[in-house]
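So this one's target03.cif, mmCIF, C-alpha atoms:
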```cif
data_run
loop_
_atom_site.label_atom_id
_atom_site.label_comp_id
_atom_site.auth_asym_id
_atom_site.auth_seq_id
_atom_site.Cartn_x
_atom_site.Cartn_y
_atom_site.Cartn_z
CA MET A 1 -8.27 57.62 46.05
CA GLU A 2 -10.68 60.33 45.02
CA ASN A 3 -10.73 61.50 41.42
CA THR A 4 -9.89 65.22 41.42
CA GLN A 5 -10.30 65.62 37.61
CA PRO A 6 -13.42 67.58 36.61
CA ASN A 7 -16.02 65.58 34.68
CA GLN A 8 -15.48 66.40 31.01
CA GLY A 9 -18.28 64.17 29.69
CA PRO A 10 -17.79 61.39 27.17
CA MET A 11 -14.64 61.62 24.96
CA PRO A 12 -15.60 62.64 21.41
CA ASN A 13 -14.93 59.89 18.90
CA PRO A 14 -12.08 61.16 16.67
CA PHE A 15 -13.39 59.16 13.71
CA THR A 16 -16.79 60.89 13.84
CA GLY A 17 -15.00 64.24 13.89
CA ILE A 18 -12.81 63.29 10.94
CA LEU A 19 -15.77 61.97 8.97
CA LYS A 20 -17.81 65.12 9.61
CA LYS A 21 -14.92 67.45 8.86
CA GLY A 22 -13.89 65.44 5.77
CA LEU A 23 -17.37 65.51 4.29
CA ILE A 24 -18.08 69.19 4.96
CA ALA A 25 -14.64 70.38 3.86
CA GLY A 26 -14.80 68.01 0.86
CA ALA A 27 -18.07 69.55 -0.31
CA ALA A 28 -16.67 73.08 0.12
CA LEU A 29 -13.48 72.08 -1.68
CA PHE A 30 -15.44 70.44 -4.51
CA LEU A 31 -17.38 73.63 -5.19
CA ALA A 32 -14.37 75.92 -4.83
CA SER A 33 -11.94 73.74 -6.83
CA PHE A 34 -14.12 73.00 -9.82
CA GLY A 35 -15.73 76.42 -9.75
CA SER A 36 -12.32 78.05 -9.93
CA LEU A 37 -11.08 75.54 -12.53
CA TYR A 38 -13.98 76.21 -14.90
CA ALA A 39 -13.72 79.95 -14.26
CA ALA A 40 -9.96 79.92 -14.96
CA ILE A 41 -10.48 77.93 -18.20
CA HIS A 42 -13.09 80.48 -19.26
CA LEU A 43 -11.05 83.55 -18.26
CA LYS A 44 -7.50 82.43 -19.07
CA PRO A 45 -7.80 79.69 -21.70
CA ASP A 46 -4.14 80.12 -22.80
CA LEU A 47 -2.96 78.74 -19.47
CA PHE A 48 -4.60 75.42 -20.24
CA VAL A 49 -3.33 74.73 -23.76
CA ASP A 50 -0.53 72.56 -22.37
CA TYR A 51 -3.09 70.23 -20.85
CA ILE A 52 -3.85 68.96 -24.38
CA ASN A 53 -1.09 66.49 -23.82
CA PRO A 54 -1.07 62.68 -23.95
CA ILE A 55 0.18 62.49 -20.34
CA PHE A 56 -3.27 63.63 -19.21
CA ASN A 57 -5.97 61.01 -19.41
CA SER A 58 -8.21 61.82 -22.38
CA ASP A 59 -10.75 59.02 -22.71
CA GLY A 60 -12.85 60.01 -19.70
CA SER A 61 -12.30 56.65 -17.99
CA ARG A 62 -10.87 58.29 -14.85
CA ASP A 63 -13.17 61.31 -14.58
CA VAL A 64 -14.84 59.89 -11.45
CA TYR A 65 -11.47 59.77 -9.68
CA PHE A 66 -10.78 63.33 -10.79
CA TYR A 67 -14.04 64.59 -9.29
CA LEU A 68 -13.51 62.60 -6.08
CA HIS A 69 -10.15 64.28 -5.46
CA PRO A 70 -11.55 67.07 -3.18
CA PHE A 71 -12.94 64.41 -0.82
CA VAL A 72 -9.74 62.33 -0.87
CA LEU A 73 -7.80 65.48 0.02
CA SER A 74 -10.26 66.71 2.65
CA PHE A 75 -10.26 63.38 4.51
CA ALA A 76 -6.46 63.20 4.45
CA LEU A 77 -6.24 66.79 5.71
CA ALA A 78 -8.88 66.13 8.38
CA VAL A 79 -6.61 63.42 9.85
CA LEU A 80 -3.67 65.86 9.78
CA TRP A 81 -5.78 68.60 11.36
CA ASN A 82 -6.93 66.26 14.12
CA ARG A 83 -3.29 65.63 15.09
CA PHE A 84 -1.81 69.09 14.72
CA ARG A 85 -4.56 71.66 15.33
CA ARG A 86 -3.29 72.35 18.84
CA PHE A 87 -0.05 73.72 17.38
CA LEU A 88 -1.90 76.28 15.25
CA PRO A 89 -2.49 79.55 17.11
CA GLY A 90 -4.52 82.55 15.98
CA GLY A 91 -7.92 83.17 14.53
CA ILE A 92 -9.79 81.07 11.98
CA PHE A 93 -8.18 82.62 8.90
CA VAL A 94 -4.62 82.56 10.35
CA LYS A 95 -5.05 78.92 11.34
CA GLY A 96 -6.22 78.12 7.81
CA VAL A 97 -3.27 79.85 6.14
CA GLU A 98 -0.81 78.23 8.52
CA PHE A 99 -2.33 74.85 7.85
CA GLY A 100 -2.10 75.51 4.09
CA LEU A 101 1.56 76.52 4.42
CA MET A 102 2.35 73.43 6.48
CA TYR A 103 0.75 71.18 3.84
CA ALA A 104 2.54 73.03 1.04
CA LEU A 105 5.89 72.62 2.81
CA VAL A 106 5.50 68.98 3.76
CA GLY A 107 3.34 67.61 0.98
CA LEU A 108 3.41 69.82 -2.09
CA ILE A 109 6.97 71.08 -2.49
CA PRO A 110 8.62 67.62 -2.47
CA VAL A 111 5.96 66.15 -4.81
CA MET A 112 6.08 69.08 -7.23
CA TRP A 113 9.87 68.97 -7.15
CA ILE A 114 10.00 65.34 -8.24
CA THR A 115 7.18 65.92 -10.76
CA TYR A 116 9.04 68.78 -12.43
CA SER A 117 12.31 66.86 -12.43
CA ALA A 118 10.86 63.68 -13.95
CA ILE A 119 7.91 64.64 -16.17
CA ASP A 120 7.86 66.84 -19.24
CA VAL A 121 5.73 69.63 -17.75
CA ASP A 122 6.72 73.26 -17.61
CA ILE A 123 7.42 75.35 -14.50
CA VAL A 124 4.27 77.47 -14.93
CA MET A 125 2.08 74.36 -14.85
CA VAL A 126 3.84 73.01 -11.74
CA SER A 127 3.59 76.42 -10.05
CA THR A 128 -0.16 76.56 -10.68
CA TRP A 129 -0.53 73.08 -9.15
CA MET A 130 1.44 74.30 -6.13
CA LEU A 131 -0.77 77.37 -5.73
CA TYR A 132 -3.90 75.29 -6.30
CA GLY A 133 -2.85 72.77 -3.61
CA PHE A 134 -1.97 75.52 -1.14
CA SER A 135 -5.34 77.23 -1.70
CA GLN A 136 -7.18 73.93 -1.25
CA ALA A 137 -5.37 73.15 2.03
CA THR A 138 -5.96 76.71 3.30
CA LEU A 139 -9.67 76.44 2.53
CA CYS A 140 -9.80 73.08 4.33
CA GLY A 141 -7.96 74.61 7.31
CA ILE A 142 -10.47 77.47 7.51
CA VAL A 143 -13.41 75.05 7.33
CA PHE A 144 -11.85 72.81 10.02
CA ALA A 145 -11.17 75.81 12.30
CA LEU A 146 -14.75 77.02 11.82
CA LEU A 147 -16.12 73.58 12.68
CA ASP A 148 -13.91 73.47 15.81
CA GLU A 149 -15.29 76.86 16.91
CA TRP A 150 -18.84 75.54 16.57
CA MET B 1 -23.13 43.72 -96.59
CA PHE B 2 -19.52 43.45 -95.41
CA THR B 3 -19.26 47.25 -95.46
CA GLY B 4 -22.46 47.52 -93.43
CA MET B 5 -21.09 45.13 -90.77
CA TRP B 6 -17.83 47.01 -90.70
CA ILE B 7 -19.61 50.33 -90.15
CA SER B 8 -21.78 48.76 -87.39
CA CYS B 9 -18.65 47.48 -85.66
CA LEU B 10 -17.05 50.89 -85.95
CA ILE B 11 -20.11 52.57 -84.44
CA TRP B 12 -20.20 49.99 -81.62
CA TRP B 13 -16.49 50.50 -80.97
CA MET B 14 -16.96 54.26 -80.91
CA THR B 15 -19.67 53.98 -78.26
CA LEU B 16 -17.51 51.82 -76.04
CA PRO B 17 -16.07 53.66 -73.05
CA ALA B 18 -12.49 54.74 -73.45
CA GLY B 19 -9.80 52.91 -71.45
CA PRO B 20 -8.74 54.20 -68.10
CA GLN B 21 -6.72 57.37 -67.84
CA TYR B 22 -3.96 57.09 -65.28
CA TRP B 23 -2.94 60.04 -63.13
CA VAL B 24 0.16 60.46 -61.03
CA LEU B 25 -0.32 62.11 -57.66
CA ALA B 26 2.63 64.39 -57.00
CA SER B 27 4.59 64.02 -53.78
CA HIS B 28 4.12 67.70 -52.88
CA SER B 29 0.41 67.22 -52.28
CA ILE B 30 -0.75 68.49 -48.87
CA LEU B 31 -3.35 67.52 -46.29
CA TRP B 32 -4.67 69.86 -43.56
CA VAL B 33 -6.85 69.08 -40.60
CA ASP B 34 -8.43 71.93 -38.62
CA GLY B 35 -10.16 71.41 -35.29
CA LYS B 36 -11.30 73.28 -32.21
CA THR B 37 -11.28 72.76 -28.48
CA ASN B 38 -13.17 74.83 -25.91
CA ILE B 39 -9.92 76.74 -25.22
CA ASN B 40 -8.22 77.05 -28.61
CA SER B 41 -8.17 75.87 -32.19
CA PHE B 42 -5.54 73.72 -33.84
CA SER B 43 -4.36 73.09 -37.32
CA CYS B 44 -2.40 70.03 -38.25
CA GLU B 45 -0.89 69.27 -41.62
CA VAL B 46 0.91 66.66 -43.57
CA PRO B 47 3.20 69.15 -45.27
CA GLU B 48 4.15 66.78 -48.08
CA TYR B 49 2.62 63.53 -49.20
CA GLY B 50 6.22 62.42 -49.63
CA ARG B 51 5.65 59.80 -52.32
CA THR B 52 3.93 59.44 -55.66
CA ASP B 53 0.86 57.31 -56.26
CA THR B 54 -1.29 56.53 -59.22
CA ILE B 55 -5.05 56.73 -59.58
CA TRP B 56 -7.17 56.04 -62.64
CA THR B 57 -10.35 57.50 -64.02
CA MET B 58 -12.60 56.07 -66.66
CA ALA B 59 -15.38 57.99 -68.32
CA GLY B 60 -18.37 55.71 -68.67
CA VAL B 61 -21.39 55.89 -70.93
CA GLY B 62 -23.38 57.60 -68.18
CA GLU B 63 -22.63 60.82 -66.40
CA LYS B 64 -20.35 59.42 -63.71
CA VAL B 65 -16.65 58.94 -64.13
CA LYS B 66 -15.34 55.87 -62.37
CA ALA B 67 -12.12 56.16 -60.45
CA GLY B 68 -9.77 53.91 -58.57
CA GLY B 69 -6.52 53.96 -56.69
CA GLU B 70 -5.71 55.03 -53.19
CA LEU B 71 -3.62 57.51 -51.25
CA SER B 72 -1.94 56.26 -48.09
CA ILE B 73 -1.05 59.02 -45.67
CA GLN B 74 1.17 58.23 -42.70
CA VAL B 75 -0.60 59.46 -39.57
CA ALA B 76 2.82 59.94 -37.97
CA ARG B 77 3.47 62.70 -40.53
CA PHE B 78 0.73 64.92 -39.07
CA ASP B 79 2.33 68.01 -37.63
CA CYS B 80 0.29 70.35 -35.38
CA HIS B 81 3.23 72.80 -34.91
CA HIS B 82 3.10 72.00 -31.20
CA LYS B 83 4.97 68.87 -30.16
CA ILE B 84 2.53 67.88 -27.44
CA MET B 85 -0.61 68.49 -29.55
CA THR B 86 0.94 66.50 -32.39
CA LYS B 87 1.47 63.58 -30.01
CA ASP B 88 -2.06 63.89 -28.70
CA LEU B 89 -3.60 63.90 -32.18
CA GLN B 90 -1.58 60.84 -33.16
CA LYS B 91 -2.70 59.08 -30.00
CA THR B 92 -6.34 60.01 -30.70
CA LEU B 93 -6.05 58.70 -34.27
CA LYS B 94 -4.53 55.46 -32.89
CA ALA B 95 -1.42 55.94 -35.03
CA LYS B 96 0.34 52.97 -33.43
CA ASP B 97 -2.43 50.52 -34.36
CA TYR B 98 -3.47 52.17 -37.62
CA PRO B 99 -0.46 54.01 -39.04
CA LEU B 100 -2.10 54.91 -42.36
CA MET B 101 -5.01 57.10 -43.30
CA LYS B 102 -6.27 55.95 -46.70
CA ILE B 103 -8.29 57.77 -49.31
CA ARG B 104 -9.69 55.55 -52.06
CA PHE B 105 -11.21 57.36 -55.01
CA VAL B 106 -14.46 55.87 -56.29
CA GLY B 107 -15.69 58.37 -58.83
CA PHE B 108 -16.07 61.93 -60.03
CA ASP B 109 -18.99 63.76 -61.55
CA LYS B 110 -16.82 65.14 -64.36
CA ASP B 111 -14.01 63.80 -66.48
CA LEU B 112 -10.69 65.14 -65.17
CA GLU B 113 -9.27 64.96 -68.70
CA LYS B 114 -11.80 67.50 -69.94
CA LEU B 115 -11.10 70.02 -67.21
CA THR B 116 -9.09 72.65 -69.01
CA GLN B 117 -10.31 75.62 -66.96
CA ALA B 118 -10.69 76.31 -63.27
CA GLY B 119 -13.93 74.91 -61.94
CA HIS B 120 -15.51 72.57 -59.47
CA LEU B 121 -16.17 68.89 -59.35
CA GLN B 122 -17.57 66.45 -56.90
CA GLY B 123 -15.70 63.33 -56.02
CA GLU B 124 -16.71 60.24 -54.13
CA ALA B 125 -14.11 58.57 -51.99
CA GLU B 126 -13.73 56.10 -49.19
CA ILE B 127 -11.78 57.47 -46.25
CA GLU B 128 -10.20 54.96 -43.92
CA LEU B 129 -9.10 56.26 -40.55
CA ALA B 130 -8.26 54.31 -37.41
CA GLY B 131 -9.45 51.13 -39.09
CA VAL B 132 -12.93 52.47 -39.97
CA THR B 133 -13.94 53.22 -43.56
CA ARG B 134 -16.57 55.76 -44.55
CA ARG B 135 -17.70 56.64 -48.07
CA MET B 136 -18.02 60.38 -48.53
CA ASN B 137 -18.68 62.99 -51.18
CA ILE B 138 -15.98 65.61 -51.42
CA ASN B 139 -16.22 68.92 -53.26
CA PHE B 140 -13.09 69.86 -55.15
CA ALA B 141 -11.99 73.16 -56.64
CA VAL B 142 -9.96 72.38 -59.74
CA VAL B 143 -7.21 74.61 -61.07
CA PRO B 144 -5.06 73.64 -64.06
CA LYS B 145 -1.41 74.34 -63.25
CA ALA B 146 1.84 74.57 -65.16
CA GLN B 147 3.57 71.48 -66.53
CA GLY B 148 0.26 69.69 -67.07
CA PHE B 149 -0.59 69.44 -63.38
CA LEU B 150 -4.17 69.61 -62.22
CA GLN B 151 -4.63 70.97 -58.69
CA LEU B 152 -7.61 69.59 -56.79
CA VAL B 153 -8.43 71.32 -53.52
CA GLY B 154 -10.99 69.32 -51.60
CA THR B 155 -12.62 70.17 -48.28
CA LYS B 156 -14.70 67.92 -46.14
CA GLN B 157 -16.08 68.26 -42.64
CA ILE B 158 -15.78 64.98 -40.82
CA LEU B 159 -16.57 63.95 -37.28
CA PHE B 160 -14.37 61.97 -34.90
CA SER B 161 -17.46 59.88 -34.22
CA ASP B 162 -17.77 58.99 -37.95
CA PHE B 163 -14.65 56.89 -37.39
CA GLN B 164 -15.65 55.61 -33.94
CA LEU B 165 -13.07 57.90 -32.36
CA LYS B 166 -13.74 59.77 -29.17
CA PRO B 167 -12.56 63.38 -29.20
CA PRO B 168 -10.09 63.82 -26.34
CA SER B 169 -11.18 65.54 -23.16
CA LYS B 170 -8.94 66.49 -20.25
CA LEU B 171 -9.37 67.38 -16.56
CA GLY B 172 -12.65 65.58 -16.15
CA GLY B 173 -14.10 67.05 -19.33
CA ALA B 174 -13.24 70.67 -18.44
CA ILE B 175 -11.12 70.81 -21.60
CA LYS B 176 -12.75 69.22 -24.63
CA VAL B 177 -11.87 68.76 -28.27
CA LYS B 178 -14.92 69.33 -30.46
CA ASN B 179 -16.22 66.46 -32.56
CA GLU B 180 -15.93 68.30 -35.90
CA LEU B 181 -12.76 68.32 -37.99
CA LEU B 182 -12.31 70.12 -41.28
CA VAL B 183 -10.09 68.19 -43.66
CA GLU B 184 -8.58 69.94 -46.65
CA PHE B 185 -6.65 68.16 -49.38
CA THR B 186 -4.52 69.90 -51.96
CA LEU B 187 -3.71 67.25 -54.52
CA PHE B 188 -1.60 67.66 -57.63
CA PHE B 189 -2.34 65.22 -60.44
CA LYS B 190 -0.63 64.82 -63.77
CA PRO B 191 -1.81 62.53 -66.59
CA LEU B 192 0.49 59.54 -66.91
CA ASN B 193 0.27 59.22 -70.71
#
```
So that I can check it, write out the structure of this file as structure tokens.
Amino acid sequence: MENTQPNQGPMPNPFTGILKKGLIAGAALFLASFGSLYAAIHLKPDLFVDYINPIFNSDGSRDVYFYLHPFVLSFALAVLWNRFRRFLPGGIFVKGVEFGLMYALVGLIPVMWITYSAIDVDIVMVSTWMLYGFSQATLCGIVFALLDEW
Amino acid sequence: MFTGMWISCLIWWMTLPAGPQYWVLASHSILWVDGKTNINSFSCEVPEYGRTDTIWTMAGVGEKVKAGGELSIQVARFDCHHKIMTKDLQKTLKAKDYPLMKIRFVGFDKDLEKLTQAGHLQGEAEIELAGVTRRMNINFAVVPKAQGFLQLVGTKQILFSDFQLKPPSKLGGAIKVKNELLVEFTLFFKPLN
């Protein structure tokens, strides 16, 4: 039987795509996250007074993990993007926002809910984490959509 | 000859240093600690020493006045007027392992007994914090108070690192407590006899 399918070339390796997307989005996220964190501390120091709290690590022993977080998140989101990008219509920005909303709904709201219910942190702090996570996922979504266009 | 010996003994006795003078530290003595972070400043206090203690001073032949006796301050009594900051300070000062901050007086440059007017004196003391002891000079402002009390207000800038403590930092070092702390003591002493 003759193959009627057009020749699409070799199948792209999904792991290469995830690695590339994870690294590029991770770098963008690193700059945006820590840039905005330092800017927010400088501009609105009052918001951060509650971080002087024993529940936050204070001896510097876990700083490396803290600074690796953008890459951990970008790789996790790259896997998610690889699976669900076909369900995201629209332009680059719309895709990014939708992706951010999807992550906020599935990942952030339940985690923030349990965090607020179990740990002695106030609602403002939890809300800023929520907004921060949504912004990070949106940025990743935009970077992923841009890379797909290329 | 006997009279001569007697006079010599009397002169020798007169040149001997006097016995120690004991002083009671009143329970309403206060300790303040002021510090800064890169986002705010904090002020923690032990609002009341909460007990009485005794120190002694002894004027020697030389200029220095020897002193002895120690103050033991419970680190758990530090209050930063912010529950979470209070907890954080106590954790930084390792309150669980070292519950007491101790101040041991070693000497003064003037005799406390002779201080009848407001003035200044310099004291030397050993400060023990988080299991590390450092000998320091402390400047005191002295004010005689009612009922025979002598108020000594001492200030000293210390560093966390002096006591092998690391100032806390949060969020990967984005929020940092500065190494310097200003300690202020307001001590009320009264002669025991």
- Message: Quick check: residues of chain A within 7 Å of chain B, all atoms listed in the file, returned as a list in words.
- Response: Tyr38, Pro45, Tyr51, Ile52, Asn53, Pro54, Phe56, Asn57, Ser58, Asp59, Gly60, Asp63 and Phe66 of chain A
- Point-to-point distance from CA of Thr52 in chain B to CA of Ile30 in chain B, Å rounded to tenths: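 A separation of 12.2 Å between them.
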- Task: Name the closest residue to Phe71 in chain A among the candidates A:Gln136, A:Ser127, A:Thr16, A:Thr115; distances are taken between atoms, counting all atoms listed in the file.
- Result: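 Looking at the shortest contact to Phe71 in chain A, the residue is A:Gln136.
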- I would like the residues chosen by the PyMOL selection byres ((chain B and resi 127-132) around 10) on the shown file; could you give them as a PyMOL selection string? chain B and resi 70-73+75+92-105+124-126+133-136+160+162-165
- Query: Using all atoms listed in the file, which residues sit within 6 Å of Ala141 in chain B once same-chain residues fewer than 5 positions away are excluded, as a list in words?
  - Reply: Gly119, His120, Leu152 and Val153 of chain B
Report as a tab-separated table: every residue of range 83-149 of chain A with an atom at most 12 Å from range 27-33 of chain A, its closest pair of atoms, and their distance in Å to one decimal, counting only C-alpha atoms, with rows sorted by chain and ascending residue number.
```
residue	atom	partner	partner_atom	distance
A:Trp129	CA	A:Ser33	CA	11.7
A:Leu131	CA	A:Ser33	CA	11.8
A:Tyr132	CA	A:Ser33	CA	8.2
A:Gly133	CA	A:Ser33	CA	9.7
A:Phe134	CA	A:Ser33	CA	11.6
A:Ser135	CA	A:Ser33	CA	9.1
A:Gln136	CA	A:Leu29	CA	6.6
A:Ala137	CA	A:Leu29	CA	9.0
A:Thr138	CA	A:Leu29	CA	10.1
A:Leu139	CA	A:Leu29	CA	7.2
A:Cys140	CA	A:Leu29	CA	7.1
A:Gly141	CA	A:Leu29	CA	10.8
A:Ile142	CA	A:Ala28	CA	10.6
A:Val143	CA	A:Ala28	CA	8.2
A:Phe144	CA	A:Ala28	CA	11.0
```
Write the residues of the selection above to a file with C-alpha atoms, as a PDB file, in the frame of the given file.
```pdb
ATOM      1  CA  TRP A 129      -0.530  73.080  -9.150  1.00  0.00           C
ATOM      2  CA  LEU A 131      -0.770  77.370  -5.730  1.00  0.00           C
ATOM      3  CA  TYR A 132      -3.900  75.290  -6.300  1.00  0.00           C
ATOM      4  CA  GLY A 133      -2.850  72.770  -3.610  1.00  0.00           C
ATOM      5  CA  PHE A 134      -1.970  75.520  -1.140  1.00  0.00           C
ATOM      6  CA  SER A 135      -5.340  77.230  -1.700  1.00  0.00           C
ATOM      7  CA  GLN A 136      -7.180  73.930  -1.250  1.00  0.00           C
ATOM      8  CA  ALA A 137      -5.370  73.150   2.030  1.00  0.00           C
ATOM      9  CA  THR A 138      -5.960  76.710   3.300  1.00  0.00           C
ATOM     10  CA  LEU A 139      -9.670  76.440   2.530  1.00  0.00           C
ATOM     11  CA  CYS A 140      -9.800  73.080   4.330  1.00  0.00           C
ATOM     12  CA  GLY A 141      -7.960  74.610   7.310  1.00  0.00           C
ATOM     13  CA  ILE A 142     -10.470  77.470   7.510  1.00  0.00           C
ATOM     14  CA  VAL A 143     -13.410  75.050   7.330  1.00  0.00           C
ATOM     15  CA  PHE A 144     -11.850  72.810  10.020  1.00  0.00           C
TER      16      PHE A 144
END
```
- Shell around Met125 in chain A at 9 Å using only C-alpha atoms, local window under 6 positions removed, as an MDAnalysis selection string: chainID A and resid 47:48 50:51
- Contacts of Arg86 in chain A at 12 Å (all atoms listed in the file; same-chain gap of 4+ positions) as an MDAnalysis selection string: chainID A and resid 80:82 90 95 99 145 148
Save out the residues we just selected, C-alpha atoms, as a PDB file, keeping the file's coordinate frame.
```pdb
ATOM      1  CA  LEU A  80      -3.670  65.860   9.780  1.00  0.00           C
ATOM      2  CA  TRP A  81      -5.780  68.600  11.360  1.00  0.00           C
ATOM      3  CA  ASN A  82      -6.930  66.260  14.120  1.00  0.00           C
ATOM      4  CA  GLY A  90      -4.520  82.550  15.980  1.00  0.00           C
ATOM      5  CA  LYS A  95      -5.050  78.920  11.340  1.00  0.00           C
ATOM      6  CA  PHE A  99      -2.330  74.850   7.850  1.00  0.00           C
ATOM      7  CA  ALA A 145     -11.170  75.810  12.300  1.00  0.00           C
ATOM      8  CA  ASP A 148     -13.910  73.470  15.810  1.00  0.00           C
TER       9      ASP A 148
END
```
- Mind telling me what the PyMOL selection byres ((chain B and resi 146) around 12) catches here, as a list in words? Thr116, Val143, Pro144, Lys145, Gln147, Gly148, Phe149, Leu150, Gln151, Phe188, Phe189 and Lys190 of chain B
- Message: Is it possible to get the residues within 12 Å of (6.5, 68.0, -50.5) (coordinates as in the file, counting all atoms listed in the file) written as a ChimeraX atom specification?
- Response: /B:25-31,45-52,77,186-188
Residues from last step as file, C-alpha atoms, as an mmCIF file, in the coordinates of the input:
```cif
data_model
loop_
_atom_site.group_PDB
_atom_site.id
_atom_site.type_symbol
_atom_site.label_atom_id
_atom_site.label_comp_id
_atom_site.auth_asym_id
_atom_site.auth_seq_id
_atom_site.Cartn_x
_atom_site.Cartn_y
_atom_site.Cartn_z
ATOM 1 C CA LEU B 25 -0.320 62.110 -57.660
ATOM 2 C CA ALA B 26 2.630 64.390 -57.000
ATOM 3 C CA SER B 27 4.590 64.020 -53.780
ATOM 4 C CA HIS B 28 4.120 67.700 -52.880
ATOM 5 C CA SER B 29 0.410 67.220 -52.280
ATOM 6 C CA ILE B 30 -0.750 68.490 -48.870
ATOM 7 C CA LEU B 31 -3.350 67.520 -46.290
ATOM 8 C CA GLU B 45 -0.890 69.270 -41.620
ATOM 9 C CA VAL B 46 0.910 66.660 -43.570
ATOM 10 C CA PRO B 47 3.200 69.150 -45.270
ATOM 11 C CA GLU B 48 4.150 66.780 -48.080
ATOM 12 C CA TYR B 49 2.620 63.530 -49.200
ATOM 13 C CA GLY B 50 6.220 62.420 -49.630
ATOM 14 C CA ARG B 51 5.650 59.800 -52.320
ATOM 15 C CA THR B 52 3.930 59.440 -55.660
ATOM 16 C CA ARG B 77 3.470 62.700 -40.530
ATOM 17 C CA THR B 186 -4.520 69.900 -51.960
ATOM 18 C CA LEU B 187 -3.710 67.250 -54.520
ATOM 19 C CA PHE B 188 -1.600 67.660 -57.630
#
```
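What separates CA of Glu184 in chain B from CA of Ile158 in chain B is a distance of 10.5 Å.
Omitting range 105-109 of chain A and its sequence neighbours fewer than 3 positions away, and counting only C-alpha atoms, the residues within 9 Å are Gly100, Leu101, Met102, Met112, Trp113, Ile114, Trp129, Met130, Gly133 and Phe134 of chain A.
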